[in-house]
Amino acid sequence: MIPHSSSAQDVVKAFSSDAESGLDSKDIARLQSEYGPNVLAEKKKRTLIGRFFDQFKDVMIIILLIAAAVSFGVICVEKTWNELFEPALILIIVILNALMGVFQESKAEKALEALKNMSAPHARVIRDGEEHIIDAKQIVPGDIIKVEAGDFVPADARLIHSVSLKSEESALTGESVPAEKNADDIIDGKSALGDRSNMIFSGCSITYGTGLAVVTATGMNTEMGKIANLLAGEKESQTPLQQKLAQLGKYLGIIALAACAIVFVIGLISGIPILEIFMTSVSLAVSAIPEGLPAIVTIILSIGVQRMAKRNALIRRLPAVETLGSASVICSDKTGTLTQNRMTVVKAFTDGESDAETVGDSCSEKIKQLLIYGTLCSDGTVVFENGVAKHIGDPTETAIVLAAHKNGIKKEEIIKKYERLAEIPFDSDRKLMTSVNRIDGKNIVIVKGAFDNLSLRCTAGNVEKAREVTEEMSREALRVLAIAIKEMETVPQNPTSEELENGLTLIGLIGMIDPPRAEAKDAVATSKKAGIKTVMITGDHVITAAAIAKQLGIYSDGDRAITGKELDAMSDEELEEHIEEISVYARVSPENKIRIVKAWQKKGHVVSMTGDGVNDAPALKAADIGCAMEITGTDVAKGAADMTLTDDNFATIVDAVKEGRGIYANIRKVVGFLLGSNTGEILTVFTSMLLFRETPLLSMQLLWVNLVTDSLPAIAVGMESVEPDVMEKKPRPKDEGIFANGLGFSVIIQGILFAAITLLGFYIGKTVMRTLEAGQTMAFMILSLSQVVHAFNMRSEHSLFRIGFFSNKTLNIAAVISTLLMAVVLFTPVRYAFKLVLLTPQLYLTALGLIFVPLVALEIKKAVKSLIKKNKNK
């Protein structure tokens, strides 16, 4: 059977389903087993062995392995078996490094995979006669699904019923204009995809209207599944910061190679055996080039993203993490984000009355009739599970449905009694929704929406009195919906707004309260302290919006609250001039949101914008950080956003900014730590070759230092907790470089300090014990362990005495492992393989003193910096 060339009833019957009650839940497990999960096949992942061999693609590693092979060949020819340890040890260290790289990659991939699963799409299905929201991957052929504007279509489906339905299908058909859909059409079996007007397709989005459909294909059997292989070739992209660091690594690599070439030439002139100095030079290059920096940054980003997810901020694009730290303006929706989104109808007004009436569970007959009209013109539903009301759909609609239910008016009964004949779905331009219902033998048009919009379409009813009541309710911070009706003799087959939404009679107002979130007020105050401006954007009445903004601390004396109409009257230049004065925007359109974002951006600000509707997608894309709502947001909004708030809470945005700042700070710490250490290694060998014409470190010693310090301690530094004062600083400029605020200078100073103490140790060891090996042992021990100790230095700009020496448990473990690995090499027979010797107790104490020099030096620097800051603040 071909779904699009068959009637909806025949398709439903073919899948043993029911258009009203859906599938029976006892059949679901069998169908899921038969058809599999509703997901597209993913690109084949690299195996562990493949990843392992990928670690050897670096040019310097290949050269090092060739050098080791040559060394091994020379040993075999000359039969100097006592020298076999060196190439074997180099090979072992390179393999250990490769294993560490595989571990890091796997950890990052698992973290990102977990996040991907968390952001899986959902679908509204009817099973056992009840509506449920389930993961889209659980859908099976025969499921009855509901779709509306803003939804992604979860599977290919044949429409059963549709109202003004349009679907964006450019991914499949290439058509940029949304395709109009009609459930009543029956199409030729050989028709092209773009002509199948009675079908909706997986992966496409609904741009307008509502629909009911039966699923005909899932997973790889969908039209999207048939072209999935074309999509599988998509490459993983790097964040801007990762790209910059990779580029930086190349530049540093060139400098390191130049230094290594000079070391090699000086070594040859000084009479050091060619193979030995060649391997030392190549090992220095391998150790000094921070080729693992982008990978470590990926791990830090992914771990940070997991932290954010635990705090209800789901990052969908990694670059957003970097941008969050620069956010200087947060434009937030009011309803559900700054408020609790627990809409409760508290007042209602009917035409002809002098005052509004408090709404409870025993309202007057006039108010009950108003609630009936409001419920009939609502798509939201309330279901009761174990006596607890569960709201499905728009909160303003479900508030009306619940208020009606408390007054003995059950939606499921009245929608059967008063059949819906036609409808015009809500959209953010009209700010209205309309239904036509057959009531007592008459065709009654019911329109509900914002009073300012609806009142313009009314020709009867006391509009001026209703305006007074609306403003009075708004001053009490109530959200007000107006309801109007009219009678029609005949219902148009394809009704338009002009036909239904004019010549109306205003019959009443419904006022509902949505209290501000307690935590939102604190979050606004935190933002202000952090130099971040909070702006409220809402579809509510301007008086309601200003009242709530004042309670939250967003709107202060001297600030302005304007309407979308006033905004439309302003030129772009005027808006840009006054943008910093305006704290509240009311009755705005999605187009207004884009103008607001761009005006702030022209002022050099980094803007975060929240949105939930299908028409908010352009504004979310235009913003530097688009934030979609998980609970009330449409799939289209989520798809356009960089971040999704799983609790729809403004405080979560502020928490995410805090985490973003902390993650960026940690990346800077890791960059400083690794580059400072690598600079120290280069300067140590380079300076020693110039001054002493001797290498202070052999090839395997350099590689071991790289293994011990460049992996575990670096990752552990990146897992440092967010510093308490991170939200007391101004936002970081968007174009600020990674080396800003003295980090570049600090890296050079650290490198010089490491080189100085290592060379001093090398000189003392060689002089006291009169052997080159003793000097190399001192240099090896000091360089490696001073870097491990230095990792604690890099944890914070504040003194370790203030934050606690051992408060980073991950770093404690990493330091212990690194120290134990060093102890094994220094104090067991393994030292012979590394050409190390035992030192005198006095030399060990001297080395210990030198190891802690960077710690003491930086603590002194931090103390001086703190004193200067205190004096400035006086």
# chains A, B, ... in the order shown; residues from 1 in each chain; ligands from 1
call {"tool": "select_by_dssp", "arguments": {"residues": "range 587-833 of chain A", "states": "helix (DSSP H, G or I)", "output": "PyMOL selection string"}}
result
chain A and resi 590-602+614-622+635-640+650-691+699-709+712-717+726-728+743-769+772-793+800-803+809-827+829-832
call {"tool": "residues_around", "arguments": {"residues": "Leu759 in chain A", "least_positions_apart": "6", "cutoff": "8 Å", "atoms": "only C-alpha atoms", "output": "PDB file with all heavy atoms, in the first residue's frame"}}
result
ATOM      1  N   THR A 684      65.869  25.278  28.573  1.00  0.00           N
ATOM      2  CA  THR A 684      66.843  24.488  29.349  1.00  0.00           C
ATOM      3  C   THR A 684      67.880  23.857  28.416  1.00  0.00           C
ATOM      4  O   THR A 684      69.086  24.020  28.609  1.00  0.00           O
ATOM      5  CB  THR A 684      66.123  23.389  30.156  1.00  0.00           C
ATOM      6  OG1 THR A 684      65.241  24.002  31.099  1.00  0.00           O
ATOM      7  CG2 THR A 684      67.117  22.510  30.906  1.00  0.00           C
ATOM      8  N   SER A 688      71.699  25.323  27.744  1.00  0.00           N
ATOM      9  CA  SER A 688      72.770  24.420  28.178  1.00  0.00           C
ATOM     10  C   SER A 688      73.738  24.132  27.029  1.00  0.00           C
ATOM     11  O   SER A 688      74.961  24.096  27.217  1.00  0.00           O
ATOM     12  CB  SER A 688      72.179  23.117  28.698  1.00  0.00           C
ATOM     13  OG  SER A 688      73.197  22.215  29.048  1.00  0.00           O
ATOM     14  N   PRO A 696      71.558  18.687  28.921  1.00  0.00           N
ATOM     15  CA  PRO A 696      71.181  18.383  30.304  1.00  0.00           C
ATOM     16  C   PRO A 696      70.139  17.266  30.406  1.00  0.00           C
ATOM     17  O   PRO A 696      69.915  16.721  31.483  1.00  0.00           O
ATOM     18  CB  PRO A 696      70.621  19.704  30.801  1.00  0.00           C
ATOM     19  CG  PRO A 696      70.059  20.344  29.584  1.00  0.00           C
ATOM     20  CD  PRO A 696      70.926  19.925  28.453  1.00  0.00           C
ATOM     21  N   ALA A 779      68.800  17.674  36.764  1.00  0.00           N
ATOM     22  CA  ALA A 779      67.983  18.436  35.806  1.00  0.00           C
ATOM     23  C   ALA A 779      66.649  17.737  35.548  1.00  0.00           C
ATOM     24  O   ALA A 779      65.583  18.372  35.537  1.00  0.00           O
ATOM     25  CB  ALA A 779      68.744  18.614  34.501  1.00  0.00           C
TER      26      ALA A 779
END
call {"tool": "closest_atom_pairs", "arguments": {"of": "range 578-616 of chain A", "to": "range 313-325 of chain A", "cutoff": "12 Å", "atoms": "only C-alpha atoms", "output": "CSV"}}
result
residue,atom,partner,partner_atom,distance
A:His605,CA,A:Thr323,CA,11.3
A:Val606,CA,A:Thr323,CA,7.8
A:Val607,CA,A:Leu324,CA,9.2
A:Ser608,CA,A:Leu324,CA,8.2
A:Met609,CA,A:Leu324,CA,11.7
call {"tool": "atom_distance", "arguments": {"atom1": "CA of Leu826 in chain A", "atom2": "CA of Ala755 in chain A"}}
result
20.3 Å
call {"tool": "closest_residue", "arguments": {"among": "A:Ala389, A:Ile66, A:Ala756, A:Ala791", "to": "Ala403 in chain A", "atoms": "only C-alpha atoms"}}
result
A:Ala389
call {"tool": "residues_around", "arguments": {"residues": "Ala665 in chain A", "least_positions_apart": "5", "cutoff": "10 Å", "atoms": "only C-alpha atoms", "output": "ChimeraX atom specification"}}
result
/A:322,325,659-660,670-671,718,720,722-723,726,738,795-796
call {"tool": "select_by_dssp", "arguments": {"residues": "range 183-285 of chain A", "states": "strand (DSSP E or B)", "output": "PDB file with C-alpha atoms, in the first residue's frame"}}
result
ATOM      1  CA  MET A 199       2.296  13.508   3.912  1.00  0.00           C
ATOM      2  CA  ILE A 200       4.714  14.983   6.437  1.00  0.00           C
ATOM      3  CA  SER A 205       9.529  21.191  10.570  1.00  0.00           C
ATOM      4  CA  ILE A 206       5.970  22.483  10.871  1.00  0.00           C
ATOM      5  CA  THR A 207       5.901  26.226  10.226  1.00  0.00           C
ATOM      6  CA  TYR A 208       2.162  26.832  10.577  1.00  0.00           C
ATOM      7  CA  GLY A 209      -1.054  25.136  11.632  1.00  0.00           C
ATOM      8  CA  THR A 210      -1.834  21.852  13.345  1.00  0.00           C
ATOM      9  CA  GLY A 211      -2.185  18.261  12.237  1.00  0.00           C
ATOM     10  CA  LEU A 212      -2.983  14.697  13.261  1.00  0.00           C
ATOM     11  CA  ALA A 213      -1.190  11.901  11.390  1.00  0.00           C
ATOM     12  CA  VAL A 214      -0.466   8.180  11.361  1.00  0.00           C
ATOM     13  CA  VAL A 215       3.200   7.157  11.217  1.00  0.00           C
ATOM     14  CA  THR A 216       4.029   5.185   8.064  1.00  0.00           C
ATOM     15  CA  ALA A 217       7.839   4.861   8.267  1.00  0.00           C
TER      16      ALA A 217
END
call {"tool": "residues_around", "arguments": {"residues": "Ile562 in chain A", "least_positions_apart": "6", "cutoff": "8 Å", "atoms": "only C-alpha atoms", "output": "ChimeraX atom specification"}}
result
/A:542,582,584-586
call {"tool": "write_last_selection", "arguments": {"atoms": "all heavy atoms", "output": "CSV table (one decimal), in the first residue's frame"}}
result
chain,number,residue,atom,x,y,z
A,542,VAL,N,2.4,46.3,28.5
A,542,VAL,CA,3.6,47.0,28.9
A,542,VAL,C,3.5,47.3,30.4
A,542,VAL,O,4.6,47.3,31.1
A,542,VAL,CB,3.8,48.3,28.1
A,542,VAL,CG1,2.7,49.4,28.4
A,542,VAL,CG2,5.2,48.9,28.4
A,582,ILE,N,16.6,51.4,27.5
A,582,ILE,CA,15.4,50.6,27.5
A,582,ILE,C,15.6,49.2,28.2
A,582,ILE,O,16.5,48.5,27.7
A,582,ILE,CB,14.9,50.4,26.0
A,582,ILE,CG1,14.8,51.7,25.3
A,582,ILE,CG2,13.6,49.6,26.0
A,582,ILE,CD1,14.6,51.6,23.8
A,584,VAL,N,12.7,47.3,29.2
A,584,VAL,CA,11.5,46.4,29.0
A,584,VAL,C,10.9,46.7,27.6
A,584,VAL,O,10.7,47.8,27.2
A,584,VAL,CB,10.5,46.7,30.1
A,584,VAL,CG1,9.2,45.9,29.8
A,584,VAL,CG2,11.0,46.4,31.5
A,585,TYR,N,10.7,45.6,26.9
A,585,TYR,CA,10.0,45.7,25.6
A,585,TYR,C,8.7,44.8,25.7
A,585,TYR,O,8.8,43.6,26.1
A,585,TYR,CB,10.9,45.1,24.5
A,585,TYR,CG,12.1,45.9,24.2
A,585,TYR,CD1,13.3,45.6,24.9
A,585,TYR,CD2,12.2,46.9,23.3
A,585,TYR,CE1,14.5,46.3,24.7
A,585,TYR,CE2,13.3,47.6,23.0
A,585,TYR,CZ,14.5,47.3,23.8
A,585,TYR,OH,15.6,48.0,23.5
A,586,ALA,N,7.6,45.4,25.5
A,586,ALA,CA,6.3,44.7,25.6
A,586,ALA,C,5.6,44.6,24.2
A,586,ALA,O,5.8,45.5,23.4
A,586,ALA,CB,5.4,45.4,26.6
call {"tool": "residues_around", "arguments": {"residues": "Val789 in chain A", "least_positions_apart": "5", "cutoff": "10 Å", "atoms": "only C-alpha atoms", "output": "ChimeraX atom specification"}}
result
/A:709,713,784,794,815,819,851-855
call {"tool": "write_last_selection", "arguments": {"atoms": "N, CA and C atoms", "output": "PDB file, in the first residue's frame"}}
result
ATOM      1  N   THR A 709      54.083  15.310  32.807  1.00  0.00           N
ATOM      2  CA  THR A 709      53.542  16.646  33.104  1.00  0.00           C
ATOM      3  C   THR A 709      52.494  17.148  32.121  1.00  0.00           C
ATOM      4  N   PRO A 713      48.302  16.117  34.923  1.00  0.00           N
ATOM      5  CA  PRO A 713      48.198  17.398  35.641  1.00  0.00           C
ATOM      6  C   PRO A 713      47.500  18.485  34.831  1.00  0.00           C
ATOM      7  N   SER A 784      60.912  18.062  35.904  1.00  0.00           N
ATOM      8  CA  SER A 784      59.630  17.341  35.913  1.00  0.00           C
ATOM      9  C   SER A 784      58.808  17.646  37.164  1.00  0.00           C
ATOM     10  N   MET A 794      48.944  27.118  39.158  1.00  0.00           N
ATOM     11  CA  MET A 794      48.102  27.576  38.053  1.00  0.00           C
ATOM     12  C   MET A 794      46.613  27.468  38.347  1.00  0.00           C
ATOM     13  N   ALA A 815      48.793  14.526  40.678  1.00  0.00           N
ATOM     14  CA  ALA A 815      50.125  14.840  41.219  1.00  0.00           C
ATOM     15  C   ALA A 815      50.752  13.623  41.878  1.00  0.00           C
ATOM     16  N   THR A 819      54.142  11.898  40.585  1.00  0.00           N
ATOM     17  CA  THR A 819      55.272  11.796  41.533  1.00  0.00           C
ATOM     18  C   THR A 819      55.718  10.348  41.694  1.00  0.00           C
ATOM     19  N   ILE A 851      62.836  22.689  43.408  1.00  0.00           N
ATOM     20  CA  ILE A 851      61.524  22.269  42.869  1.00  0.00           C
ATOM     21  C   ILE A 851      60.410  23.216  43.338  1.00  0.00           C
ATOM     22  N   PHE A 852      60.538  23.716  44.586  1.00  0.00           N
ATOM     23  CA  PHE A 852      59.477  24.561  45.149  1.00  0.00           C
ATOM     24  C   PHE A 852      59.680  26.059  44.896  1.00  0.00           C
ATOM     25  N   VAL A 853      60.776  26.408  44.194  1.00  0.00           N
ATOM     26  CA  VAL A 853      61.031  27.828  43.902  1.00  0.00           C
ATOM     27  C   VAL A 853      59.872  28.464  43.111  1.00  0.00           C
ATOM     28  N   PRO A 854      59.341  27.829  42.012  1.00  0.00           N
ATOM     29  CA  PRO A 854      58.231  28.454  41.274  1.00  0.00           C
ATOM     30  C   PRO A 854      57.004  28.692  42.156  1.00  0.00           C
ATOM     31  N   LEU A 855      56.729  27.753  43.060  1.00  0.00           N
ATOM     32  CA  LEU A 855      55.575  27.886  43.952  1.00  0.00           C
ATOM     33  C   LEU A 855      55.735  29.116  44.842  1.00  0.00           C
TER      34      LEU A 855
END
call {"tool": "residues_around", "arguments": {"residues": "Ser556 in chain A", "least_positions_apart": "3", "cutoff": "12 Å", "atoms": "only C-alpha atoms", "output": "ChimeraX atom specification"}}
result
/A:534-535,546-553,559-561,581-584
call {"tool": "closest_atom_pairs", "arguments": {"of": "range 660-744 of chain A", "to": "range 768-776 of chain A", "cutoff": "12 Å", "atoms": "only C-alpha atoms", "output": "JSON lines"}}
result
{"residue": "A:Thr684", "atom": "CA", "partner": "A:Gln776", "partner_atom": "CA", "distance": 11.4}
{"residue": "A:Val685", "atom": "CA", "partner": "A:Gln776", "partner_atom": "CA", "distance": 10.9}
{"residue": "A:Ser688", "atom": "CA", "partner": "A:Gln776", "partner_atom": "CA", "distance": 11.1}
{"residue": "A:Phe692", "atom": "CA", "partner": "A:Leu772", "partner_atom": "CA", "distance": 11.0}
{"residue": "A:Arg693", "atom": "CA", "partner": "A:Leu772", "partner_atom": "CA", "distance": 11.7}
{"residue": "A:Glu694", "atom": "CA", "partner": "A:Leu772", "partner_atom": "CA", "distance": 8.5}
{"residue": "A:Thr695", "atom": "CA", "partner": "A:Gln776", "partner_atom": "CA", "distance": 8.1}
{"residue": "A:Pro696", "atom": "CA", "partner": "A:Gln776", "partner_atom": "CA", "distance": 5.0}
{"residue": "A:Leu697", "atom": "CA", "partner": "A:Gln776", "partner_atom": "CA", "distance": 5.7}
{"residue": "A:Leu698", "atom": "CA", "partner": "A:Gln776", "partner_atom": "CA", "distance": 7.9}
{"residue": "A:Ser699", "atom": "CA", "partner": "A:Gln776", "partner_atom": "CA", "distance": 11.5}
{"residue": "A:Met700", "atom": "CA", "partner": "A:Gln776", "partner_atom": "CA", "distance": 11.9}
{"residue": "A:Gln701", "atom": "CA", "partner": "A:Gln776", "partner_atom": "CA", "distance": 9.0}
{"residue": "A:Leu702", "atom": "CA", "partner": "A:Gln776", "partner_atom": "CA", "distance": 10.8}
call {"tool": "write_last_selection", "arguments": {"atoms": "C-alpha atoms", "output": "PDB file, in the first residue's frame"}}
result
ATOM      1  CA  THR A 684      66.843  24.488  29.349  1.00  0.00           C
ATOM      2  CA  VAL A 685      68.314  22.401  26.518  1.00  0.00           C
ATOM      3  CA  SER A 688      72.770  24.420  28.178  1.00  0.00           C
ATOM      4  CA  PHE A 692      78.034  24.110  28.512  1.00  0.00           C
ATOM      5  CA  ARG A 693      78.013  22.426  25.083  1.00  0.00           C
ATOM      6  CA  GLU A 694      76.365  19.500  26.892  1.00  0.00           C
ATOM      7  CA  THR A 695      72.779  18.253  26.836  1.00  0.00           C
ATOM      8  CA  PRO A 696      71.181  18.383  30.304  1.00  0.00           C
ATOM      9  CA  LEU A 697      68.464  15.910  29.282  1.00  0.00           C
ATOM     10  CA  LEU A 698      68.544  12.815  27.054  1.00  0.00           C
ATOM     11  CA  SER A 699      65.845  11.904  24.549  1.00  0.00           C
ATOM     12  CA  MET A 700      63.981   9.379  26.752  1.00  0.00           C
ATOM     13  CA  GLN A 701      64.213  11.751  29.742  1.00  0.00           C
ATOM     14  CA  LEU A 702      62.564  14.548  27.737  1.00  0.00           C
TER      15      LEU A 702
END
call {"tool": "closest_residue", "arguments": {"among": "A:Asn502, A:Thr222, A:Thr777, A:Ser527", "to": "Tyr844 in chain A", "atoms": "only C-alpha atoms"}}
result
A:Thr777
call {"tool": "residues_around", "arguments": {"residues": "range 471-482 of chain A", "least_positions_apart": "3", "cutoff": "7 Å", "atoms": "only C-alpha atoms", "output": "PyMOL selection string"}}
result
chain A and resi 448-451+454+467-468+508-513+540-541+543-544+547-548
call {"tool": "closest_residue", "arguments": {"among": "A:Cys363, A:Asn453, A:Pro515, A:Met433", "to": "Leu500 in chain A", "atoms": "only C-alpha atoms"}}
result
A:Met433
call {"tool": "atom_distance", "arguments": {"atom1": "CA of Ile299 in chain A", "atom2": "CA of Asn706 in chain A"}}
result
18.4 Å
call {"tool": "closest_residue", "arguments": {"among": "A:Ala69, A:Leu843, A:Leu99, A:Ile269", "to": "Ile49 in chain A", "atoms": "only C-alpha atoms"}}
result
A:Leu99
call {"tool": "atom_distance", "arguments": {"atom1": "CA of Ala149 in chain A", "atom2": "CA of Pro37 in chain A"}}
result
25.1 Å
